[in-house]
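Participant: Got entry.txt for you, compact mmCIF, C-alpha atoms:
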# COMPACT_ATOMS: atom_id res chain seq x y z
CA SER A 998 -7.91 31.64 -61.36
CA LEU A 999 -9.94 29.01 -59.46
CA SER A 1000 -13.53 28.46 -60.54
CA LEU A 1001 -16.37 26.31 -59.24
CA SER A 1002 -18.55 23.92 -61.22
CA CYS A 1003 -21.06 21.24 -60.39
CA GLY A 1004 -20.20 19.32 -63.51
CA GLN A 1005 -17.10 17.48 -64.55
CA PRO A 1006 -13.78 19.15 -63.73
CA ALA A 1007 -12.30 20.97 -66.71
CA PRO A 1008 -8.82 20.12 -67.92
CA PHE A 1009 -5.97 21.83 -66.17
CA ALA A 1010 -3.86 24.54 -67.69
CA GLN A 1011 -2.11 23.84 -70.93
CA GLY A 1012 1.19 22.09 -70.63
CA SER A 1013 0.17 19.97 -67.64
CA GLN A 1014 0.66 16.24 -68.10
CA GLY A 1015 -1.81 13.44 -67.33
CA GLY A 1016 0.26 12.38 -64.36
CA GLY A 1017 0.05 15.92 -62.99
CA ARG A 1018 -3.76 15.84 -63.20
CA ARG A 1019 -3.90 12.49 -61.41
CA SER A 1020 -1.51 13.73 -58.72
CA ALA A 1021 -3.61 16.84 -58.13
CA GLY A 1022 -6.75 14.72 -57.98
CA LYS A 1023 -5.21 12.49 -55.32
CA LYS A 1024 -4.28 15.49 -53.22
CA LEU A 1025 -7.84 16.77 -53.36
CA HIS A 1026 -9.29 13.31 -52.70
CA LYS A 1027 -7.13 12.51 -49.69
CA MET A 1028 -7.64 16.03 -48.31
CA LYS A 1029 -4.21 16.21 -46.75
CA ASN A 1030 -3.86 19.78 -48.00
CA ILE A 1031 -6.23 21.94 -50.02
CA ARG A 1032 -4.02 23.49 -52.66
CA PHE A 1033 -5.24 26.07 -55.11
CA LEU A 1034 -3.99 24.79 -58.40
CA ARG A 1035 -3.46 27.31 -61.13
CA GLY A 1036 -5.79 26.86 -64.02
CA GLY A 1037 -7.83 24.16 -62.26
CA ARG A 1038 -11.44 23.92 -61.09
CA LEU A 1039 -13.06 22.45 -57.98
CA THR A 1040 -16.36 20.66 -58.43
CA CYS A 1041 -19.25 20.30 -56.00
CA GLY A 1042 -18.17 16.69 -55.51
CA HIS A 1043 -14.81 17.87 -54.20
CA PHE A 1044 -16.50 20.10 -51.61
CA SER A 1045 -18.85 17.33 -50.53
CA ARG A 1046 -15.85 15.06 -49.91
CA ILE A 1047 -14.24 17.84 -47.87
CA ILE A 1048 -17.30 18.08 -45.62
CA VAL A 1049 -17.60 14.30 -45.22
CA ASN A 1050 -13.91 13.95 -44.32
CA MET A 1051 -14.13 16.74 -41.76
CA LYS A 1052 -17.21 15.24 -40.12
CA SER A 1053 -15.67 11.77 -39.97
CA GLY A 1054 -12.59 13.09 -38.17
CA GLN A 1055 -10.05 12.28 -40.88
CA GLU A 1056 -8.50 15.74 -40.51
CA THR A 1057 -7.86 15.41 -36.75
CA LYS A 1058 -4.75 13.20 -36.77
CA GLY A 1059 -2.41 16.13 -36.21
CA THR A 1060 -4.66 17.56 -33.51
CA ASN A 1061 -4.88 14.22 -31.70
CA ARG A 1062 -1.10 13.86 -31.81
CA ALA A 1063 -0.67 17.32 -30.29
CA LEU A 1064 -3.21 16.52 -27.57
CA ARG A 1065 -1.38 13.28 -26.71
CA VAL A 1066 1.90 15.15 -26.36
CA LEU A 1067 0.23 17.79 -24.20
CA ALA A 1068 -1.38 15.12 -22.01
CA ALA A 1069 1.95 13.33 -21.58
CA LEU A 1070 3.68 16.54 -20.51
CA LEU A 1071 0.85 17.42 -18.12
CA LEU A 1072 0.85 13.97 -16.51
CA THR A 1073 4.63 14.10 -16.15
CA ALA A 1074 4.37 17.45 -14.39
CA LEU A 1075 1.61 16.15 -12.07
CA SER A 1076 3.68 13.06 -11.18
CA ALA A 1077 6.70 15.24 -10.39
CA ALA A 1078 4.47 17.50 -8.27
CA ALA A 1079 3.16 14.48 -6.34
CA VAL A 1080 6.70 13.29 -5.60
CA TRP A 1081 7.69 16.80 -4.50
CA PHE A 1082 4.64 16.97 -2.19
CA ILE A 1083 5.56 13.63 -0.59
CA PHE A 1084 9.18 14.63 -0.03
CA SER A 1085 8.26 18.07 1.28
CA ASN A 1086 6.06 16.49 3.95
CA SER A 1087 8.86 14.14 4.96
CA LEU A 1088 11.29 17.04 5.37
CA ARG A 1089 9.10 18.63 8.03
CA ASP A 1090 10.26 18.23 11.60
CA ALA A 1091 8.30 16.10 14.05
CA ALA A 1092 6.45 19.00 15.68
CA SER A 1093 5.38 20.56 12.38
CA SER A 1094 4.31 17.22 10.90
CA SER A 1095 2.34 16.28 14.00
CA SER A 1096 0.60 19.66 14.06
CA GLN A 1097 -0.37 19.31 10.41
CA SER A 1098 -1.76 15.79 10.81
CA GLN A 1099 -3.57 16.80 14.00
CA THR A 1100 -5.35 19.55 12.10
CA VAL A 1101 -6.41 17.00 9.49
CA THR A 1102 -7.61 14.65 12.24
CA GLU A 1103 -9.72 17.38 13.80
CA GLY A 1104 -11.19 18.12 10.38
CA VAL A 1105 -12.12 14.46 10.03
CA GLN A 1106 -13.78 14.56 13.45
CA ASP A 1107 -15.78 17.65 12.51
CA ALA A 1108 -16.92 16.06 9.23
CA ILE A 1109 -18.03 12.85 10.95
CA GLY A 1110 -19.62 14.84 13.77
CA THR A 1111 -21.79 16.65 11.24
CA ILE A 1112 -23.13 13.34 9.95
CA ALA A 1113 -23.15 11.33 13.20
CA PRO A 1114 -22.74 13.57 16.27
CA SER A 1115 -22.82 10.62 18.67
CA SER A 1116 -20.11 8.67 16.84
CA PRO A 1117 -17.10 7.55 18.94
CA VAL A 1118 -14.81 8.98 16.27
CA ALA A 1119 -16.39 12.44 16.54
CA ASN A 1120 -16.04 12.40 20.34
CA ALA A 1121 -12.61 10.76 20.59
CA GLU A 1122 -10.33 12.27 23.25
CA GLY A 1123 -7.13 11.35 25.01
CA GLU A 1124 -5.84 7.93 24.00
CA ASP A 1125 -8.72 7.44 21.57
CA PHE A 1126 -7.76 10.66 19.79
CA ALA A 1127 -4.11 9.54 19.71
CA ARG A 1128 -5.11 6.27 18.03
CA LEU A 1129 -7.34 8.15 15.60
CA HIS A 1130 -4.48 10.54 14.90
CA ALA A 1131 -2.10 7.66 14.13
CA PHE A 1132 -4.73 6.03 11.88
CA VAL A 1133 -5.25 9.27 9.94
CA ARG A 1134 -1.49 9.60 9.41
CA LYS A 1135 -1.28 6.08 7.97
CA CYS A 1136 -4.30 6.74 5.74
CA ALA A 1137 -2.59 9.90 4.49
CA HIS A 1138 0.48 7.82 3.57
CA PHE A 1139 -1.71 5.32 1.73
CA LEU A 1140 -3.74 7.92 -0.16
CA GLU A 1141 -0.84 10.09 -1.30
CA PHE A 1142 0.96 7.05 -2.71
CA ALA A 1143 -2.27 5.80 -4.29
CA LEU A 1144 -2.45 9.12 -6.13
CA LEU A 1145 1.20 8.80 -7.11
CA GLY A 1146 0.68 5.24 -8.39
CA ALA A 1147 -2.26 6.29 -10.56
CA LEU A 1148 -0.40 9.29 -11.97
CA LEU A 1149 2.70 7.23 -12.71
CA LEU A 1150 0.73 4.60 -14.59
CA TRP A 1151 -1.15 7.18 -16.67
CA THR A 1152 2.13 8.95 -17.36
CA CYS A 1153 3.79 5.70 -18.45
CA ARG A 1154 0.80 4.88 -20.64
CA SER A 1155 0.99 8.28 -22.34
CA TYR A 1156 4.52 7.51 -23.56
CA THR A 1157 4.42 3.79 -24.34
CA PRO A 1158 2.00 0.84 -24.56
CA LEU A 1159 0.95 -0.34 -21.11
CA LYS A 1160 1.66 -4.02 -21.83
CA ARG A 1161 5.38 -3.37 -22.08
CA PHE A 1162 5.98 -1.44 -18.86
CA TRP A 1163 3.01 -2.13 -16.61
CA PHE A 1164 5.42 -3.02 -13.77
CA ALA A 1165 7.30 0.30 -13.93
CA PRO A 1166 4.86 2.52 -11.93
CA PRO A 1167 4.73 0.27 -8.81
CA CYS A 1168 8.53 -0.11 -8.89
CA ILE A 1169 9.05 3.64 -9.15
CA ALA A 1170 6.57 4.24 -6.32
CA PHE A 1171 8.39 1.68 -4.16
CA LEU A 1172 11.70 3.49 -4.72
CA VAL A 1173 10.03 6.79 -3.86
CA ALA A 1174 8.67 5.23 -0.64
CA VAL A 1175 12.11 3.92 0.36
CA PHE A 1176 13.78 7.26 -0.32
CA ASP A 1177 10.94 9.06 1.45
CA GLU A 1178 11.56 7.08 4.62
CA TYR A 1179 15.31 7.57 4.29
CA ILE A 1180 15.18 11.38 4.14
CA GLN A 1181 13.06 11.44 7.30
CA ASN A 1182 16.24 10.58 9.19
CA PHE A 1183 17.43 14.11 8.44
CA SER A 1184 14.29 15.71 9.93
CA PRO A 1185 14.50 16.51 13.67
CA GLY A 1186 12.48 14.09 15.78
CA ARG A 1187 11.64 11.73 12.93
CA GLY A 1188 12.99 8.38 11.74
CA THR A 1189 12.53 5.48 9.35
CA ALA A 1190 9.70 2.96 9.69
CA PHE A 1191 9.56 -0.14 7.48
CA THR A 1192 5.81 -0.43 8.05
CA ASP A 1193 5.38 2.95 6.36
CA VAL A 1194 7.20 1.62 3.30
CA LEU A 1195 4.74 -1.28 3.15
CA ILE A 1196 1.76 1.06 3.56
CA ASP A 1197 3.10 3.37 0.86
CA THR A 1198 3.71 0.48 -1.54
CA GLY A 1199 0.22 -0.88 -0.88
CA GLY A 1200 -1.22 2.54 -1.67
CA ALA A 1201 0.77 2.70 -4.91
CA LEU A 1202 -0.50 -0.74 -5.94
CA ALA A 1203 -4.08 0.29 -5.20
CA GLY A 1204 -3.65 3.48 -7.22
CA THR A 1205 -2.11 1.53 -10.10
CA ALA A 1206 -5.02 -0.92 -10.09
CA PHE A 1207 -7.49 1.97 -10.10
CA ALA A 1208 -5.69 3.62 -13.05
CA ILE A 1209 -5.69 0.35 -15.03
CA ALA A 1210 -9.42 -0.06 -14.35
CA CYS A 1211 -10.04 3.48 -15.64
CA LEU A 1212 -8.11 2.72 -18.84
CA LEU A 1213 -10.04 -0.51 -19.39
CA VAL A 1214 -13.40 1.21 -18.91
CA ALA A 1215 -12.36 4.03 -21.24
CA GLY A 1216 -11.29 1.47 -23.85
CA VAL A 1217 -14.63 -0.34 -23.68
CA ILE A 1218 -16.53 2.93 -24.04
CA ALA A 1219 -14.37 4.00 -27.00
CA ARG A 1220 -14.85 0.66 -28.79
CA ARG A 1221 -18.61 0.76 -28.31
CA LYS A 1222 -18.77 4.33 -29.57
CA LYS A 1223 -16.66 3.45 -32.61
CA LYS A 1224 -18.82 0.41 -33.35
CA ARG A 1225 -22.02 2.45 -32.98
CA ASN A 1226 -20.72 5.19 -35.30
CA ALA A 1227 -19.84 2.56 -37.91
CA LEU A 1228 -23.46 1.37 -38.10
CA PRO A 1229 -25.90 2.89 -40.61
CA LEU A 1230 -28.08 5.66 -39.23
CA HIS A 1231 -31.31 3.63 -39.48
CA THR A 1232 -29.85 0.79 -37.32
CA ARG A 1233 -28.61 2.92 -34.42
What would the structure in this file look like if it were written as structure tokens?
Facilitator:
Amino acid sequence: SLSLSCGQPAPFAQGSQGGGRRSAGKKLHKMKNIRFLRGGRLTCGHFSRIIVNMKSGQETKGTNRALRVLAALLLTALSAAAVWFIFSNSLRDAASSSSQSQTVTEGVQDAIGTIAPSSPVANAEGEDFARLHAFVRKCAHFLEFALLGALLLWTCRSYTPLKRFWFAPPCIAFLVAVFDEYIQNFSPGRGTAFTDVLIDTGGALAGTAFAIACLLVAGVIARRKKKRNALPLHTR
């Protein structure tokens, strides 16, 4: 049976060797697994070490590893969803794509009109609306590839150190942009535009830069928090 004592731990069951006692002590000290040893006793010191180790986060290595795997899978799924969204928009015919972007343009006009009713953008008509419509379409290209670039970089970082493959996300986004323009040839009324490839690549680079900045800021915050936790309580 297992008993508790605030004094010195009693010897283990008869027949156990000195090496066995030291091995059991190491298991309790490192707290990798709490094993109920037959014929042994746990002291108050053992329980205090358990509480200290739990508060200091020494028992969260397995949990952190599981969270990293889950984050990597989630980011991979989000990156795949972003690519699917881009390709699905390119597979629309000219009329459907124009109707969709026109709805977005009208929404932009309504939003700006709420803030500045007398703005030229809110009151654009005819050729002015056509130019605004074209500008909104290009901004949509830029923003969707900026999102893709950020997701690709975070996904790459979740699998491997960023310093090794920092160039991979922009290259993948560039290939996606080229293929995206290529498949538009199979959509009625649409074609390939090299300027769109440049806009898409620029968006991917901007998204990649934003993702790197987020990682750097998160690293600085984590280091400061770790340094602050390492200080004695009276110096914080």
Participant: Show which residues sit within 10 Å of Pro1185 (chain A), as a list of chain:residue names. Count all atoms listed in the file, and ignore same-chain residues fewer than 6 positions away.
Facilitator: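 Skipping anything fewer than 6 positions along the chain leaves A:Leu1088, A:Arg1089, A:Asp1090, A:Ala1091, A:Ala1092.
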Participant: The selected residues should be written to file as a short mmCIF file (atom, residue, chain, number, x, y, z; two decimals), keeping the file's coordinate frame (atoms: C-alpha atoms).
Facilitator:
data_model
loop_
_atom_site.label_atom_id
_atom_site.label_comp_id
_atom_site.auth_asym_id
_atom_site.auth_seq_id
_atom_site.Cartn_x
_atom_site.Cartn_y
_atom_site.Cartn_z
CA LEU A 1088 11.29 17.04 5.37
CA ARG A 1089 9.10 18.63 8.03
CA ASP A 1090 10.26 18.23 11.60
CA ALA A 1091 8.30 16.10 14.05
CA ALA A 1092 6.45 19.00 15.68
#
Participant: Rank nothing, just name the residue among A:Leu1145, A:Cys1211, A:Ala1170, A:Val1175 nearest to Ala1074 (chain A), using only C-alpha atoms.
Facilitator: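 Result for the nearest residue to Ala1074 (chain A): A:Leu1145.
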Participant: Neighbouring residues of region 1122-1132 of chain A were defined as those with any atom within 8 Å, considering all atoms listed in the file; residues of the same chain fewer than 4 positions away were excluded. Please report them as a ChimeraX atom specification.
Facilitator: /A:1098-1099,1102,1118,1136
Participant: Name all residues at most 12 Å from Asp1177 (chain A) (count all atoms listed in the file; drop same-chain ones fewer than 2 positions away) and give them as a PyMOL selection string.
Facilitator: chain A and resi 1080-1089+1138+1142+1170-1175+1179-1184+1187-1191+1193-1194+1197-1198
Participant: Calculate how many Å separate CA of Ala1113 (chain A) from CA of Thr1100 (chain A), rounding to one decimal.
Facilitator: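 These atoms are spaced 19.6 Å apart.
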Participant: Have a look at A:Ile1196, A:Leu1064, A:Cys1168, A:Ala1201 and name the one nearest to Lys1135 (chain A); count all atoms listed in the file.
Facilitator: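 Nearest to Lys1135 (chain A): A:Ile1196.
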Participant: With all atoms listed in the file as the counted atoms, please give the residues lying no more than 8 Å from Ala1147 (chain A), apart from itself and same-chain residues fewer than 5 positions off, as a PyMOL selection string.
Facilitator: chain A and resi 1201+1204-1208
Participant: Pick from A:Val1133, A:Ala1227, A:Leu1067, A:Ala1165: nearest to Gly1104 (chain A), with all atoms listed in the file counted?
Facilitator: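 The closest residue to Gly1104 (chain A) is A:Val1133.
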Participant: For the atom pair CA of Ala1121 (chain A) and CA of Ala1108 (chain A), what is the interatomic distance in Å to one decimal place?
Facilitator: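 Between CA of Ala1121 (chain A) and CA of Ala1108 (chain A) the gap works out to 13.3 Å.
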Participant: Could you tell me how far CA of Ala1079 (chain A) sits from CA of Leu1150 (chain A), in Å to one decimal place?
Facilitator: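 Value for the CA of Leu1150 (chain A)-CA of Ala1079 (chain A) distance: 13.1 Å.
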Participant: Go through A:Phe1164, A:Ala1215, A:Glu1178, A:Tyr1156 one by one, measure the shortest atom-to-atom distance of each to Ala1068 (chain A) using all atoms listed in the file, and give the residue with the smallest value.
Facilitator: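 Comparing A:Phe1164, A:Ala1215, A:Glu1178, A:Tyr1156 against Ala1068 (chain A), the winner is A:Tyr1156.
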Participant: Find the residues around Leu1070 (chain A) up to 9 Å (all atoms listed in the file counted), leave out those fewer than 5 positions away in its own chain, and share them as a ChimeraX atom specification.
Facilitator: /A:1065,1075,1152,1155
Participant: So that I have them on file, write out the residues from the current selection with C-alpha atoms, as a compact mmCIF listing (two decimals), in the coordinates of the input.
Facilitator:
# COMPACT_ATOMS: atom_id res chain seq x y z
CA ARG A 1065 -1.38 13.28 -26.71
CA LEU A 1075 1.61 16.15 -12.07
CA THR A 1152 2.13 8.95 -17.36
CA SER A 1155 0.99 8.28 -22.34
Participant: Assuming the input is short of atoms at region 1167-1181 of chain A, produce N, CA, C and O atoms for that part as a PDB file, in the frame of the given file.
Facilitator:
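Output file rebuild_28.pdb follows:
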ATOM      1  N   PRO A1167       4.571   0.734 -10.195  1.00  0.00           N
ATOM      2  CA  PRO A1167       4.730   0.270  -8.810  1.00  0.00           C
ATOM      3  C   PRO A1167       6.186   0.259  -8.355  1.00  0.00           C
ATOM      4  O   PRO A1167       6.482   0.574  -7.185  1.00  0.00           O
ATOM      5  N   CYS A1168       7.116  -0.095  -9.257  1.00  0.00           N
ATOM      6  CA  CYS A1168       8.530  -0.110  -8.890  1.00  0.00           C
ATOM      7  C   CYS A1168       9.038   1.297  -8.577  1.00  0.00           C
ATOM      8  O   CYS A1168       9.782   1.514  -7.610  1.00  0.00           O
ATOM      9  N   ILE A1169       8.636   2.257  -9.395  1.00  0.00           N
ATOM     10  CA  ILE A1169       9.050   3.640  -9.150  1.00  0.00           C
ATOM     11  C   ILE A1169       8.465   4.144  -7.831  1.00  0.00           C
ATOM     12  O   ILE A1169       9.158   4.801  -7.037  1.00  0.00           O
ATOM     13  N   ALA A1170       7.193   3.819  -7.577  1.00  0.00           N
ATOM     14  CA  ALA A1170       6.570   4.240  -6.320  1.00  0.00           C
ATOM     15  C   ALA A1170       7.252   3.598  -5.117  1.00  0.00           C
ATOM     16  O   ALA A1170       7.413   4.241  -4.070  1.00  0.00           O
ATOM     17  N   PHE A1171       7.673   2.338  -5.257  1.00  0.00           N
ATOM     18  CA  PHE A1171       8.390   1.680  -4.160  1.00  0.00           C
ATOM     19  C   PHE A1171       9.713   2.393  -3.879  1.00  0.00           C
ATOM     20  O   PHE A1171      10.073   2.615  -2.701  1.00  0.00           O
ATOM     21  N   LEU A1172      10.443   2.761  -4.920  1.00  0.00           N
ATOM     22  CA  LEU A1172      11.700   3.490  -4.720  1.00  0.00           C
ATOM     23  C   LEU A1172      11.457   4.843  -4.081  1.00  0.00           C
ATOM     24  O   LEU A1172      12.240   5.288  -3.224  1.00  0.00           O
ATOM     25  N   VAL A1173      10.374   5.500  -4.480  1.00  0.00           N
ATOM     26  CA  VAL A1173      10.030   6.790  -3.860  1.00  0.00           C
ATOM     27  C   VAL A1173       9.717   6.584  -2.384  1.00  0.00           C
ATOM     28  O   VAL A1173      10.129   7.397  -1.528  1.00  0.00           O
ATOM     29  N   ALA A1174       9.009   5.503  -2.038  1.00  0.00           N
ATOM     30  CA  ALA A1174       8.670   5.230  -0.640  1.00  0.00           C
ATOM     31  C   ALA A1174       9.927   4.968   0.188  1.00  0.00           C
ATOM     32  O   ALA A1174      10.053   5.463   1.318  1.00  0.00           O
ATOM     33  N   VAL A1175      10.861   4.206  -0.363  1.00  0.00           N
ATOM     34  CA  VAL A1175      12.110   3.920   0.360  1.00  0.00           C
ATOM     35  C   VAL A1175      12.897   5.205   0.584  1.00  0.00           C
ATOM     36  O   VAL A1175      13.380   5.476   1.697  1.00  0.00           O
ATOM     37  N   PHE A1176      13.028   6.007  -0.459  1.00  0.00           N
ATOM     38  CA  PHE A1176      13.780   7.260  -0.320  1.00  0.00           C
ATOM     39  C   PHE A1176      13.046   8.230   0.605  1.00  0.00           C
ATOM     40  O   PHE A1176      13.683   8.992   1.355  1.00  0.00           O
ATOM     41  N   ASP A1177      11.732   8.198   0.575  1.00  0.00           N
ATOM     42  CA  ASP A1177      10.940   9.060   1.450  1.00  0.00           C
ATOM     43  C   ASP A1177      11.202   8.739   2.922  1.00  0.00           C
ATOM     44  O   ASP A1177      11.344   9.653   3.752  1.00  0.00           O
ATOM     45  N   GLU A1178      11.264   7.461   3.242  1.00  0.00           N
ATOM     46  CA  GLU A1178      11.560   7.080   4.620  1.00  0.00           C
ATOM     47  C   GLU A1178      13.013   7.402   4.983  1.00  0.00           C
ATOM     48  O   GLU A1178      13.316   7.749   6.128  1.00  0.00           O
ATOM     49  N   TYR A1179      13.899   7.300   4.012  1.00  0.00           N
ATOM     50  CA  TYR A1179      15.310   7.570   4.290  1.00  0.00           C
ATOM     51  C   TYR A1179      15.544   9.037   4.638  1.00  0.00           C
ATOM     52  O   TYR A1179      16.273   9.354   5.590  1.00  0.00           O
ATOM     53  N   ILE A1180      14.929   9.956   3.883  1.00  0.00           N
ATOM     54  CA  ILE A1180      15.180  11.380   4.140  1.00  0.00           C
ATOM     55  C   ILE A1180      14.544  11.844   5.439  1.00  0.00           C
ATOM     56  O   ILE A1180      14.907  12.919   5.958  1.00  0.00           O
ATOM     57  N   GLN A1181      13.623  11.056   6.004  1.00  0.00           N
ATOM     58  CA  GLN A1181      13.060  11.440   7.300  1.00  0.00           C
ATOM     59  C   GLN A1181      14.096  11.370   8.417  1.00  0.00           C
ATOM     60  O   GLN A1181      13.925  11.998   9.466  1.00  0.00           O
TER      61      GLN A1181
END
